[in-house]
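Here is the file run27.pdb (PDB, C-alpha atoms).
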ATOM      1  CA  GLU R  30      17.766 -18.080  11.615
ATOM      2  CA  THR R  31      18.824 -19.644   8.379
ATOM      3  CA  GLU R  32      15.660 -19.582   6.258
ATOM      4  CA  ARG R  33      14.961 -16.083   4.987
ATOM      5  CA  PRO R  34      13.051 -15.062   1.869
ATOM      6  CA  TRP R  35      15.550 -12.230   1.354
ATOM      7  CA  PRO R  36      19.354 -12.157   1.051
ATOM      8  CA  GLN R  37      21.458 -11.024   3.989
ATOM      9  CA  ASP R  38      22.848  -7.517   3.683
ATOM     10  CA  LEU R  39      26.503  -7.572   2.555
ATOM     11  CA  HIS R  40      27.354  -5.172   5.386
ATOM     12  CA  CYS R  41      26.302  -7.927   7.789
ATOM     13  CA  VAL R  42      28.350 -10.526   5.909
ATOM     14  CA  TYR R  43      31.636  -8.605   5.658
ATOM     15  CA  ASP R  44      31.670  -5.723   8.138
ATOM     16  CA  THR R  45      29.797  -6.553  11.310
ATOM     17  CA  ASN R  46      27.681  -9.071  13.157
ATOM     18  CA  CYS R  47      24.083  -8.048  12.496
ATOM     19  CA  PHE R  48      22.572 -10.105  15.284
ATOM     20  CA  PRO R  49      20.461  -7.772  17.444
ATOM     21  CA  ARG R  50      22.163  -6.407  20.543
ATOM     22  CA  ALA R  51      19.015  -5.221  22.294
ATOM     23  CA  VAL R  52      15.251  -5.025  21.949
ATOM     24  CA  ILE R  53      13.997  -1.517  22.672
ATOM     25  CA  SER R  54      10.348  -0.646  23.165
ATOM     26  CA  PHE R  55       9.353   2.920  22.342
ATOM     27  CA  GLU R  56       6.441   2.611  24.771
ATOM     28  CA  HIS R  57       8.821   1.480  27.527
ATOM     29  CA  LEU R  58      11.363   4.162  26.603
ATOM     30  CA  GLN R  59       8.803   6.921  27.157
ATOM     31  CA  HIS R  60       7.359   5.348  30.331
ATOM     32  CA  PRO R  61       8.349   7.226  33.542
ATOM     33  CA  ILE R  62       9.315   4.029  35.400
ATOM     34  CA  LEU R  63      10.509   1.743  32.570
ATOM     35  CA  GLY R  64      12.190   4.495  30.515
ATOM     36  CA  PRO R  65      15.556   4.579  32.280
ATOM     37  CA  GLY R  66      15.856   0.781  31.937
ATOM     38  CA  GLU R  67      15.278   1.000  28.178
ATOM     39  CA  LEU R  68      17.867   3.776  27.936
ATOM     40  CA  GLN R  69      20.245   1.505  29.876
ATOM     41  CA  LYS R  70      19.797  -1.156  27.151
ATOM     42  CA  ILE R  71      20.809   1.384  24.507
ATOM     43  CA  ALA R  72      23.831   2.445  26.560
ATOM     44  CA  ASN R  73      24.898  -1.186  27.026
ATOM     45  CA  ALA R  74      24.595  -1.856  23.288
ATOM     46  CA  LEU R  75      26.799   1.168  22.505
ATOM     47  CA  ARG R  76      29.308   0.721  25.319
ATOM     48  CA  ASP R  77      32.835  -0.294  24.233
ATOM     49  CA  LYS R  78      32.135   0.562  20.592
ATOM     50  CA  GLU R  79      34.850   2.441  18.777
ATOM     51  CA  GLY R  80      34.197   6.179  18.811
ATOM     52  CA  MET R  81      31.380   5.923  21.363
ATOM     53  CA  ASN R  82      31.534   7.639  24.733
ATOM     54  CA  VAL R  83      28.801   6.268  26.970
ATOM     55  CA  LEU R  84      28.088   7.641  30.427
ATOM     56  CA  GLU R  85      28.326   5.450  33.497
ATOM     57  CA  ASP R  86      25.279   3.476  34.583
ATOM     58  CA  GLU R  87      24.684   5.763  37.554
ATOM     59  CA  ALA R  88      24.010   8.711  35.207
ATOM     60  CA  ILE R  89      21.444   6.945  32.979
ATOM     61  CA  ASN R  90      18.440   7.626  35.225
ATOM     62  CA  CYS R  91      19.310  11.314  35.467
ATOM     63  CA  ILE R  92      19.961  11.604  31.731
ATOM     64  CA  TRP R  93      16.628   9.965  30.927
ATOM     65  CA  HIS R  94      14.689  12.323  33.199
ATOM     66  CA  GLU R  95      16.485  15.416  31.939
ATOM     67  CA  THR R  96      16.107  14.588  28.238
ATOM     68  CA  TRP R  97      12.731  12.876  28.115
ATOM     69  CA  ILE R  98      10.601  14.361  30.850
ATOM     70  CA  LYS R  99      11.947  17.904  30.511
ATOM     71  CA  ALA R 100      12.245  17.930  26.715
ATOM     72  CA  PRO R 101      11.140  21.259  25.254
ATOM     73  CA  ALA R 102       7.989  21.298  23.138
ATOM     74  CA  PRO R 103       7.160  20.330  20.500
ATOM     75  CA  ASN R 104       7.704  16.644  20.923
ATOM     76  CA  ASN R 105       5.989  13.657  19.380
ATOM     77  CA  ASN R 106       3.006  13.893  21.741
ATOM     78  CA  ASP R 107       2.078  17.543  21.153
ATOM     79  CA  ARG R 108       2.796  18.105  17.481
ATOM     80  CA  GLY R 109       0.318  19.674  15.065
ATOM     81  CA  GLY R 110      -2.179  17.718  13.011
ATOM     82  CA  PRO R 111      -4.848  15.212  13.931
ATOM     83  CA  LEU R 112      -4.829  13.744  17.415
ATOM     84  CA  ARG R 113      -3.328  10.282  17.839
ATOM     85  CA  GLU R 114      -6.834   8.940  18.555
ATOM     86  CA  ALA R 115      -7.922   9.979  15.047
ATOM     87  CA  TYR R 116      -5.797   7.217  13.532
ATOM     88  CA  VAL R 117      -7.857   4.052  13.794
ATOM     89  CA  PHE R 118      -7.648   0.572  12.309
ATOM     90  CA  THR R 119     -10.462  -1.500  10.871
ATOM     91  CA  LEU R 120     -11.569  -4.718  12.534
ATOM     92  CA  ASP R 121      -9.972  -6.709   9.694
ATOM     93  CA  GLN R 122      -6.664  -4.882  10.128
ATOM     94  CA  LEU R 123      -6.681  -5.428  13.887
ATOM     95  CA  THR R 124      -7.492  -9.114  13.443
ATOM     96  CA  LEU R 125      -4.551  -9.511  11.052
ATOM     97  CA  MET R 126      -2.286  -7.734  13.538
ATOM     98  CA  ALA R 127      -3.434  -9.995  16.379
ATOM     99  CA  THR R 128      -2.796 -13.097  14.286
ATOM    100  CA  LYS R 129       0.696 -11.907  13.324
ATOM    101  CA  LEU R 130       1.533 -11.027  16.932
ATOM    102  CA  GLU R 131       0.369 -14.476  18.073
ATOM    103  CA  ASP R 132       2.593 -16.064  15.392
ATOM    104  CA  MET R 133       5.586 -13.990  16.522
ATOM    105  CA  ILE R 134       4.971 -14.838  20.180
ATOM    106  CA  GLU R 135       4.904 -18.532  19.278
ATOM    107  CA  LYS R 136       8.021 -18.262  17.114
ATOM    108  CA  TYR R 137      10.152 -16.416  19.675
ATOM    109  CA  SER R 138       8.946 -18.486  22.655
ATOM    110  CA  THR R 139      10.018 -21.856  21.274
ATOM    111  CA  GLY R 140      12.909 -23.729  19.747
ATOM    112  CA  ALA R 141      16.273 -21.980  19.621
ATOM    113  CA  TRP R 142      14.698 -18.831  21.070
ATOM    114  CA  THR R 143      13.546 -20.443  24.335
ATOM    115  CA  ASN R 144      15.071 -18.543  27.278
ATOM    116  CA  HIS R 145      17.095 -16.253  24.969
ATOM    117  CA  PRO R 146      17.205 -12.820  26.695
ATOM    118  CA  LEU R 147      16.448 -10.854  23.518
ATOM    119  CA  ALA R 148      13.599 -13.184  22.604
ATOM    120  CA  ILE R 149      12.148 -12.795  26.098
ATOM    121  CA  ASP R 150      12.160  -8.996  25.669
ATOM    122  CA  LEU R 151      10.670  -9.313  22.197
ATOM    123  CA  VAL R 152       7.897 -11.647  23.375
ATOM    124  CA  THR R 153       7.123  -9.329  26.291
ATOM    125  CA  ASN R 154       6.658  -6.443  23.847
ATOM    126  CA  PHE R 155       4.565  -8.573  21.484
ATOM    127  CA  GLN R 156       2.336  -9.642  24.384
ATOM    128  CA  GLU R 157       1.794  -6.025  25.407
ATOM    129  CA  TYR R 158       0.924  -5.068  21.828
ATOM    130  CA  LEU R 159      -1.392  -8.081  21.556
ATOM    131  CA  THR R 160      -3.241  -6.968  24.695
ATOM    132  CA  GLU R 161      -3.718  -3.496  23.190
ATOM    133  CA  VAL R 162      -4.874  -4.902  19.848
ATOM    134  CA  ASN R 163      -7.296  -7.328  21.527
ATOM    135  CA  ASP R 164      -8.674  -4.461  23.636
ATOM    136  CA  GLU R 165      -9.311  -2.471  20.428
ATOM    137  CA  ILE R 166     -10.960  -5.507  18.811
ATOM    138  CA  ALA R 167     -13.220  -5.938  21.852
ATOM    139  CA  GLU R 168     -14.114  -2.231  21.746
ATOM    140  CA  LEU R 169     -14.990  -2.396  18.043
ATOM    141  CA  ASN R 170     -17.079  -5.518  18.557
ATOM    142  CA  ALA R 171     -18.910  -3.935  21.502
ATOM    143  CA  ASN R 172     -19.490  -0.639  19.666
ATOM    144  CA  PRO R 173     -19.561  -1.259  15.916
ATOM    145  CA  GLY R 174     -19.577   1.773  13.673
ATOM    146  CA  PRO R 175     -22.723   2.719  11.783
ATOM    147  CA  THR R 176     -23.423   0.984   8.501
ATOM    148  CA  PRO R 177     -22.816   3.478   5.691
ATOM    149  CA  ALA R 178     -25.780   4.576   3.629
ATOM    150  CA  PRO R 179     -26.123   2.804   0.302
ATOM    151  CA  ASN R 180     -24.602   4.581  -2.662
ATOM    152  CA  PRO R 181     -27.539   5.530  -4.909
ATOM    153  CA  ASN R 182     -25.249   5.573  -7.951
ATOM    154  CA  TYR R 183     -23.829   2.087  -7.355
ATOM    155  CA  PHE R 184     -25.786   0.307 -10.098
ATOM    156  CA  ILE R 185     -25.359   3.195 -12.531
ATOM    157  CA  ASP R 186     -21.592   3.119 -11.968
ATOM    158  CA  LEU R 187     -21.556  -0.668 -12.222
ATOM    159  CA  LYS R 188     -23.422  -0.593 -15.527
ATOM    160  CA  ALA R 189     -21.056   2.055 -16.913
ATOM    161  CA  TRP R 190     -18.078  -0.055 -15.906
ATOM    162  CA  TYR R 191     -19.586  -3.192 -17.429
ATOM    163  CA  LYS R 192     -20.212  -1.403 -20.735
ATOM    164  CA  SER R 193     -16.649  -0.064 -20.738
ATOM    165  CA  ILE R 194     -15.012  -3.506 -20.607
ATOM    166  CA  GLY R 195     -16.607  -4.806 -23.817
ATOM    167  CA  LYS R 196     -14.951  -4.810 -27.228
ATOM    168  CA  GLY R 197     -17.382  -3.741 -29.915
ATOM    169  CA  ASP R 198     -20.674  -5.433 -29.130
ATOM    170  CA  ARG R 199     -19.079  -8.352 -27.318
ATOM    171  CA  TYR R 200     -21.383  -7.827 -24.355
ATOM    172  CA  SER R 201     -24.446  -6.551 -26.170
ATOM    173  CA  LYS R 202     -27.697  -7.360 -24.429
ATOM    174  CA  ILE R 203     -28.956  -9.576 -27.254
ATOM    175  CA  LYS R 204     -25.794 -11.713 -27.216
ATOM    176  CA  VAL R 205     -25.672 -12.057 -23.436
ATOM    177  CA  GLN R 206     -29.391 -12.926 -23.197
ATOM    178  CA  SER R 207     -28.656 -16.083 -25.179
ATOM    179  CA  MET R 208     -25.891 -17.127 -22.770
ATOM    180  CA  SER R 209     -26.351 -19.225 -19.651
ATOM    181  CA  MET R 210     -25.032 -16.385 -17.475
ATOM    182  CA  TRP R 211     -27.896 -14.010 -18.353
ATOM    183  CA  ASP R 212     -29.751 -14.447 -15.059
ATOM    184  CA  LYS R 213     -26.600 -13.534 -13.140
ATOM    185  CA  VAL R 214     -25.851 -10.329 -15.082
ATOM    186  CA  LYS R 215     -29.196  -9.036 -16.375
ATOM    187  CA  TYR R 216     -29.311  -6.320 -13.722
ATOM    188  CA  LEU R 217     -26.297  -4.752 -15.452
ATOM    189  CA  TYR R 218     -28.359  -3.951 -18.538
ATOM    190  CA  ASP R 219     -30.881  -1.175 -18.999
ATOM    191  CA  ASP R 220     -34.437  -2.047 -19.838
ATOM    192  CA  ASP R 221     -34.122  -0.162 -23.128
ATOM    193  CA  GLY R 222     -31.909  -2.861 -24.656
ATOM    194  CA  VAL R 223     -28.509  -1.294 -24.011
TER     195      VAL R 223
END

As a first step, turn the structure in this file into structure tokens.
Amino acid sequence: ETERPWPQDLHCVYDTNCFPRAVISFEHLQHPILGPGELQKIANALRDKEGMNVLEDEAINCIWHETWIKAPAPNNNDRGGPLREAYVFTLDQLTLMATKLEDMIEKYSTGAWTNHPLAIDLVTNFQEYLTEVNDEIAELNANPGPTPAPNPNYFIDLKAWYKSIGKGDRYSKIKVQSMSMWDKVKYLYDDDGV
């Protein structure tokens, strides 16, 4: 891609080709069936690199099972702190994510990216994420959270804020009452003239 809002890293310009060599999905990497294939992508990207010793393809499946499935605790799934389910997104956040994923799917499914192997992997991952995000959106729409109780101090806090932004008596009640905006802001003033 030639149009970028940021400059290309000088390391990419002078030292190496920074075009991606593989698209790796963490979800696929930890999956018991897809995991070895994702590890194979990493091995292929590292193979024939100076200073890298990569095992033969036949060993990848075994290595994956020995290091991922039999990893000693703690690992990322059983660490301390809140459960993964405790981290939730709002409906607005999920909608923005879905829109961005749809844009990325469109971008990497067309033009120069059509039938490019890395773009195909990328689009596959985006589609999986989009399915998850849309499922969460559907769940939130089907079971909306309770509406929070009104804050009884809202108008008191709003009035205090409004008084704090004035300079001198710039927003005194008498002055503002003579302005055309009075009907829109009169609730910000106390009945005692302040």

Identify all residues satisfying the PyMOL selection byres ((chain R and resi 67-72) around 8) in the given file; provide them as a VMD selection string.
chain R and resid 51 to 54 57 to 58 63 to 66 73 to 76 83 to 84 86 89 93

Now that the selection is made, can you save its residues with C-alpha atoms as a CSV table (one decimal), in the coordinates of the input?
chain,number,residue,atom,x,y,z
R,51,ALA,CA,19.0,-5.2,22.3
R,52,VAL,CA,15.3,-5.0,21.9
R,53,ILE,CA,14.0,-1.5,22.7
R,54,SER,CA,10.3,-0.6,23.2
R,57,HIS,CA,8.8,1.5,27.5
R,58,LEU,CA,11.4,4.2,26.6
R,63,LEU,CA,10.5,1.7,32.6
R,64,GLY,CA,12.2,4.5,30.5
R,65,PRO,CA,15.6,4.6,32.3
R,66,GLY,CA,15.9,0.8,31.9
R,73,ASN,CA,24.9,-1.2,27.0
R,74,ALA,CA,24.6,-1.9,23.3
R,75,LEU,CA,26.8,1.2,22.5
R,76,ARG,CA,29.3,0.7,25.3
R,83,VAL,CA,28.8,6.3,27.0
R,84,LEU,CA,28.1,7.6,30.4
R,86,ASP,CA,25.3,3.5,34.6
R,89,ILE,CA,21.4,6.9,33.0
R,93,TRP,CA,16.6,10.0,30.9

Give me the residues near range 170-172 of chain R as a count of residues only, where near means some atom within 9 Å (using only C-alpha atoms) and where sequence neighbours in that chain fewer than 4 positions away do not count.
3

Residues returned when the PyMOL selection byres ((chain R and resi 130-146) around 12) runs on this file, as an MDAnalysis selection string:
chainID R and resid 30:31 49:52 70 123:129 147:163

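Nearest-residue note for Ile185 in chain R: choosing from R:Cys47, R:Ala115, R:Met81, R:Leu217, the minimum distance belongs to R:Leu217, counting all atoms listed in the file.
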
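In this model, the gap between CA of Val205 in chain R and CA of Lys188 in chain R comes to 14.1 Å.
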
So what do you get for CA of Val117 in chain R versus CA of Pro175 in chain R, distance-wise?
15.1 Å

Using all atoms of range 55-64 of chain R that appear in the file, construct an axis-aligned enclosing box with 6 Å of padding on every side and provide its centre coordinates and edge lengths in Å, rounded to one decimal, as JSON.
{"center_x": 9.3, "center_y": 4.4, "center_z": 28.9, "size_x": 17.7, "size_y": 17.7, "size_z": 25.1}

Any chance you could resolve the PyMOL selection byres ((chain R and resi 216) around 12) against this file and give the residues as an MDAnalysis selection string?
chainID R and resid 183:185 187:188 191 202 205:206 210:215 217:220 222:223

Would you fill the gaps in range 135-146 of chain R so it has all heavy atoms, then print it as a PDB file, keeping the file's coordinate frame?
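Everything below was put into part.pdb:
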ATOM      1  N   GLU R 135       4.620 -17.091  19.380  1.00  0.00           N
ATOM      2  CA  GLU R 135       4.904 -18.532  19.278  1.00  0.00           C
ATOM      3  C   GLU R 135       6.323 -18.771  18.767  1.00  0.00           C
ATOM      4  O   GLU R 135       7.069 -19.579  19.322  1.00  0.00           O
ATOM      5  CB  GLU R 135       3.881 -19.189  18.342  1.00  0.00           C
ATOM      6  CG  GLU R 135       4.142 -20.643  18.049  1.00  0.00           C
ATOM      7  CD  GLU R 135       3.937 -21.562  19.247  1.00  0.00           C
ATOM      8  OE1 GLU R 135       3.213 -21.177  20.190  1.00  0.00           O
ATOM      9  OE2 GLU R 135       4.503 -22.667  19.238  1.00  0.00           O
ATOM     10  N   LYS R 136       6.698 -18.071  17.722  1.00  0.00           N
ATOM     11  CA  LYS R 136       8.021 -18.262  17.114  1.00  0.00           C
ATOM     12  C   LYS R 136       9.144 -17.972  18.112  1.00  0.00           C
ATOM     13  O   LYS R 136      10.104 -18.746  18.228  1.00  0.00           O
ATOM     14  CB  LYS R 136       8.175 -17.356  15.894  1.00  0.00           C
ATOM     15  CG  LYS R 136       9.550 -17.424  15.252  1.00  0.00           C
ATOM     16  CD  LYS R 136       9.638 -16.533  14.038  1.00  0.00           C
ATOM     17  CE  LYS R 136      11.021 -16.605  13.407  1.00  0.00           C
ATOM     18  NZ  LYS R 136      11.080 -15.856  12.159  1.00  0.00           N
ATOM     19  N   TYR R 137       9.060 -16.845  18.814  1.00  0.00           N
ATOM     20  CA  TYR R 137      10.152 -16.416  19.675  1.00  0.00           C
ATOM     21  C   TYR R 137      10.027 -16.930  21.112  1.00  0.00           C
ATOM     22  O   TYR R 137      10.789 -16.532  21.988  1.00  0.00           O
ATOM     23  CB  TYR R 137      10.299 -14.903  19.635  1.00  0.00           C
ATOM     24  CG  TYR R 137      10.815 -14.433  18.298  1.00  0.00           C
ATOM     25  CD1 TYR R 137       9.971 -13.840  17.367  1.00  0.00           C
ATOM     26  CD2 TYR R 137      12.138 -14.649  17.951  1.00  0.00           C
ATOM     27  CE1 TYR R 137      10.440 -13.451  16.123  1.00  0.00           C
ATOM     28  CE2 TYR R 137      12.629 -14.257  16.716  1.00  0.00           C
ATOM     29  CZ  TYR R 137      11.771 -13.663  15.805  1.00  0.00           C
ATOM     30  OH  TYR R 137      12.250 -13.288  14.573  1.00  0.00           O
ATOM     31  N   SER R 138       9.088 -17.845  21.348  1.00  0.00           N
ATOM     32  CA  SER R 138       8.946 -18.486  22.655  1.00  0.00           C
ATOM     33  C   SER R 138       9.392 -19.943  22.614  1.00  0.00           C
ATOM     34  O   SER R 138       9.381 -20.615  23.637  1.00  0.00           O
ATOM     35  CB  SER R 138       7.483 -18.455  23.113  1.00  0.00           C
ATOM     36  OG  SER R 138       7.036 -17.140  23.263  1.00  0.00           O
ATOM     37  N   THR R 139       9.732 -20.433  21.432  1.00  0.00           N
ATOM     38  CA  THR R 139      10.018 -21.856  21.274  1.00  0.00           C
ATOM     39  C   THR R 139      11.345 -22.080  20.553  1.00  0.00           C
ATOM     40  O   THR R 139      11.962 -21.148  20.051  1.00  0.00           O
ATOM     41  CB  THR R 139       8.884 -22.541  20.470  1.00  0.00           C
ATOM     42  OG1 THR R 139       8.793 -21.915  19.179  1.00  0.00           O
ATOM     43  CG2 THR R 139       7.548 -22.431  21.173  1.00  0.00           C
ATOM     44  N   GLY R 140      11.726 -23.326  20.505  1.00  0.00           N
ATOM     45  CA  GLY R 140      12.909 -23.729  19.747  1.00  0.00           C
ATOM     46  C   GLY R 140      14.173 -23.051  20.238  1.00  0.00           C
ATOM     47  O   GLY R 140      14.401 -22.912  21.447  1.00  0.00           O
ATOM     48  N   ALA R 141      14.981 -22.603  19.295  1.00  0.00           N
ATOM     49  CA  ALA R 141      16.273 -21.980  19.621  1.00  0.00           C
ATOM     50  C   ALA R 141      16.109 -20.700  20.425  1.00  0.00           C
ATOM     51  O   ALA R 141      17.051 -20.235  21.064  1.00  0.00           O
ATOM     52  CB  ALA R 141      17.046 -21.695  18.331  1.00  0.00           C
ATOM     53  N   TRP R 142      14.922 -20.105  20.382  1.00  0.00           N
ATOM     54  CA  TRP R 142      14.698 -18.831  21.070  1.00  0.00           C
ATOM     55  C   TRP R 142      14.287 -19.007  22.536  1.00  0.00           C
ATOM     56  O   TRP R 142      14.263 -18.022  23.283  1.00  0.00           O
ATOM     57  CB  TRP R 142      13.636 -18.021  20.338  1.00  0.00           C
ATOM     58  CG  TRP R 142      14.065 -17.612  18.978  1.00  0.00           C
ATOM     59  CD1 TRP R 142      13.657 -18.139  17.794  1.00  0.00           C
ATOM     60  CD2 TRP R 142      15.023 -16.601  18.657  1.00  0.00           C
ATOM     61  NE1 TRP R 142      14.289 -17.514  16.746  1.00  0.00           N
ATOM     62  CE2 TRP R 142      15.141 -16.560  17.249  1.00  0.00           C
ATOM     63  CE3 TRP R 142      15.804 -15.728  19.411  1.00  0.00           C
ATOM     64  CZ2 TRP R 142      15.984 -15.690  16.587  1.00  0.00           C
ATOM     65  CZ3 TRP R 142      16.642 -14.857  18.748  1.00  0.00           C
ATOM     66  CH2 TRP R 142      16.735 -14.835  17.364  1.00  0.00           C
ATOM     67  N   THR R 143      13.972 -20.221  22.955  1.00  0.00           N
ATOM     68  CA  THR R 143      13.546 -20.443  24.335  1.00  0.00           C
ATOM     69  C   THR R 143      14.610 -19.932  25.299  1.00  0.00           C
ATOM     70  O   THR R 143      15.781 -20.266  25.183  1.00  0.00           O
ATOM     71  CB  THR R 143      13.285 -21.947  24.577  1.00  0.00           C
ATOM     72  OG1 THR R 143      12.309 -22.390  23.635  1.00  0.00           O
ATOM     73  CG2 THR R 143      12.770 -22.202  25.986  1.00  0.00           C
ATOM     74  N   ASN R 144      14.205 -19.106  26.230  1.00  0.00           N
ATOM     75  CA  ASN R 144      15.071 -18.543  27.278  1.00  0.00           C
ATOM     76  C   ASN R 144      16.177 -17.620  26.751  1.00  0.00           C
ATOM     77  O   ASN R 144      17.078 -17.268  27.504  1.00  0.00           O
ATOM     78  CB  ASN R 144      15.689 -19.655  28.140  1.00  0.00           C
ATOM     79  CG  ASN R 144      14.622 -20.414  28.890  1.00  0.00           C
ATOM     80  OD1 ASN R 144      13.634 -19.837  29.344  1.00  0.00           O
ATOM     81  ND2 ASN R 144      14.800 -21.719  29.010  1.00  0.00           N
ATOM     82  N   HIS R 145      16.109 -17.218  25.487  1.00  0.00           N
ATOM     83  CA  HIS R 145      17.095 -16.253  24.969  1.00  0.00           C
ATOM     84  C   HIS R 145      16.677 -14.869  25.472  1.00  0.00           C
ATOM     85  O   HIS R 145      15.522 -14.454  25.308  1.00  0.00           O
ATOM     86  CB  HIS R 145      17.108 -16.288  23.438  1.00  0.00           C
ATOM     87  CG  HIS R 145      18.229 -15.517  22.841  1.00  0.00           C
ATOM     88  ND1 HIS R 145      18.268 -14.135  22.844  1.00  0.00           N
ATOM     89  CD2 HIS R 145      19.366 -15.919  22.241  1.00  0.00           C
ATOM     90  CE1 HIS R 145      19.360 -13.728  22.265  1.00  0.00           C
ATOM     91  NE2 HIS R 145      20.069 -14.796  21.890  1.00  0.00           N
ATOM     92  N   PRO R 146      17.586 -14.113  26.098  1.00  0.00           N
ATOM     93  CA  PRO R 146      17.205 -12.820  26.695  1.00  0.00           C
ATOM     94  C   PRO R 146      16.551 -11.852  25.714  1.00  0.00           C
ATOM     95  O   PRO R 146      15.578 -11.177  26.067  1.00  0.00           O
ATOM     96  CB  PRO R 146      18.527 -12.255  27.221  1.00  0.00           C
ATOM     97  CG  PRO R 146      19.435 -13.431  27.341  1.00  0.00           C
ATOM     98  CD  PRO R 146      19.000 -14.434  26.321  1.00  0.00           C
TER      99      PRO R 146
END
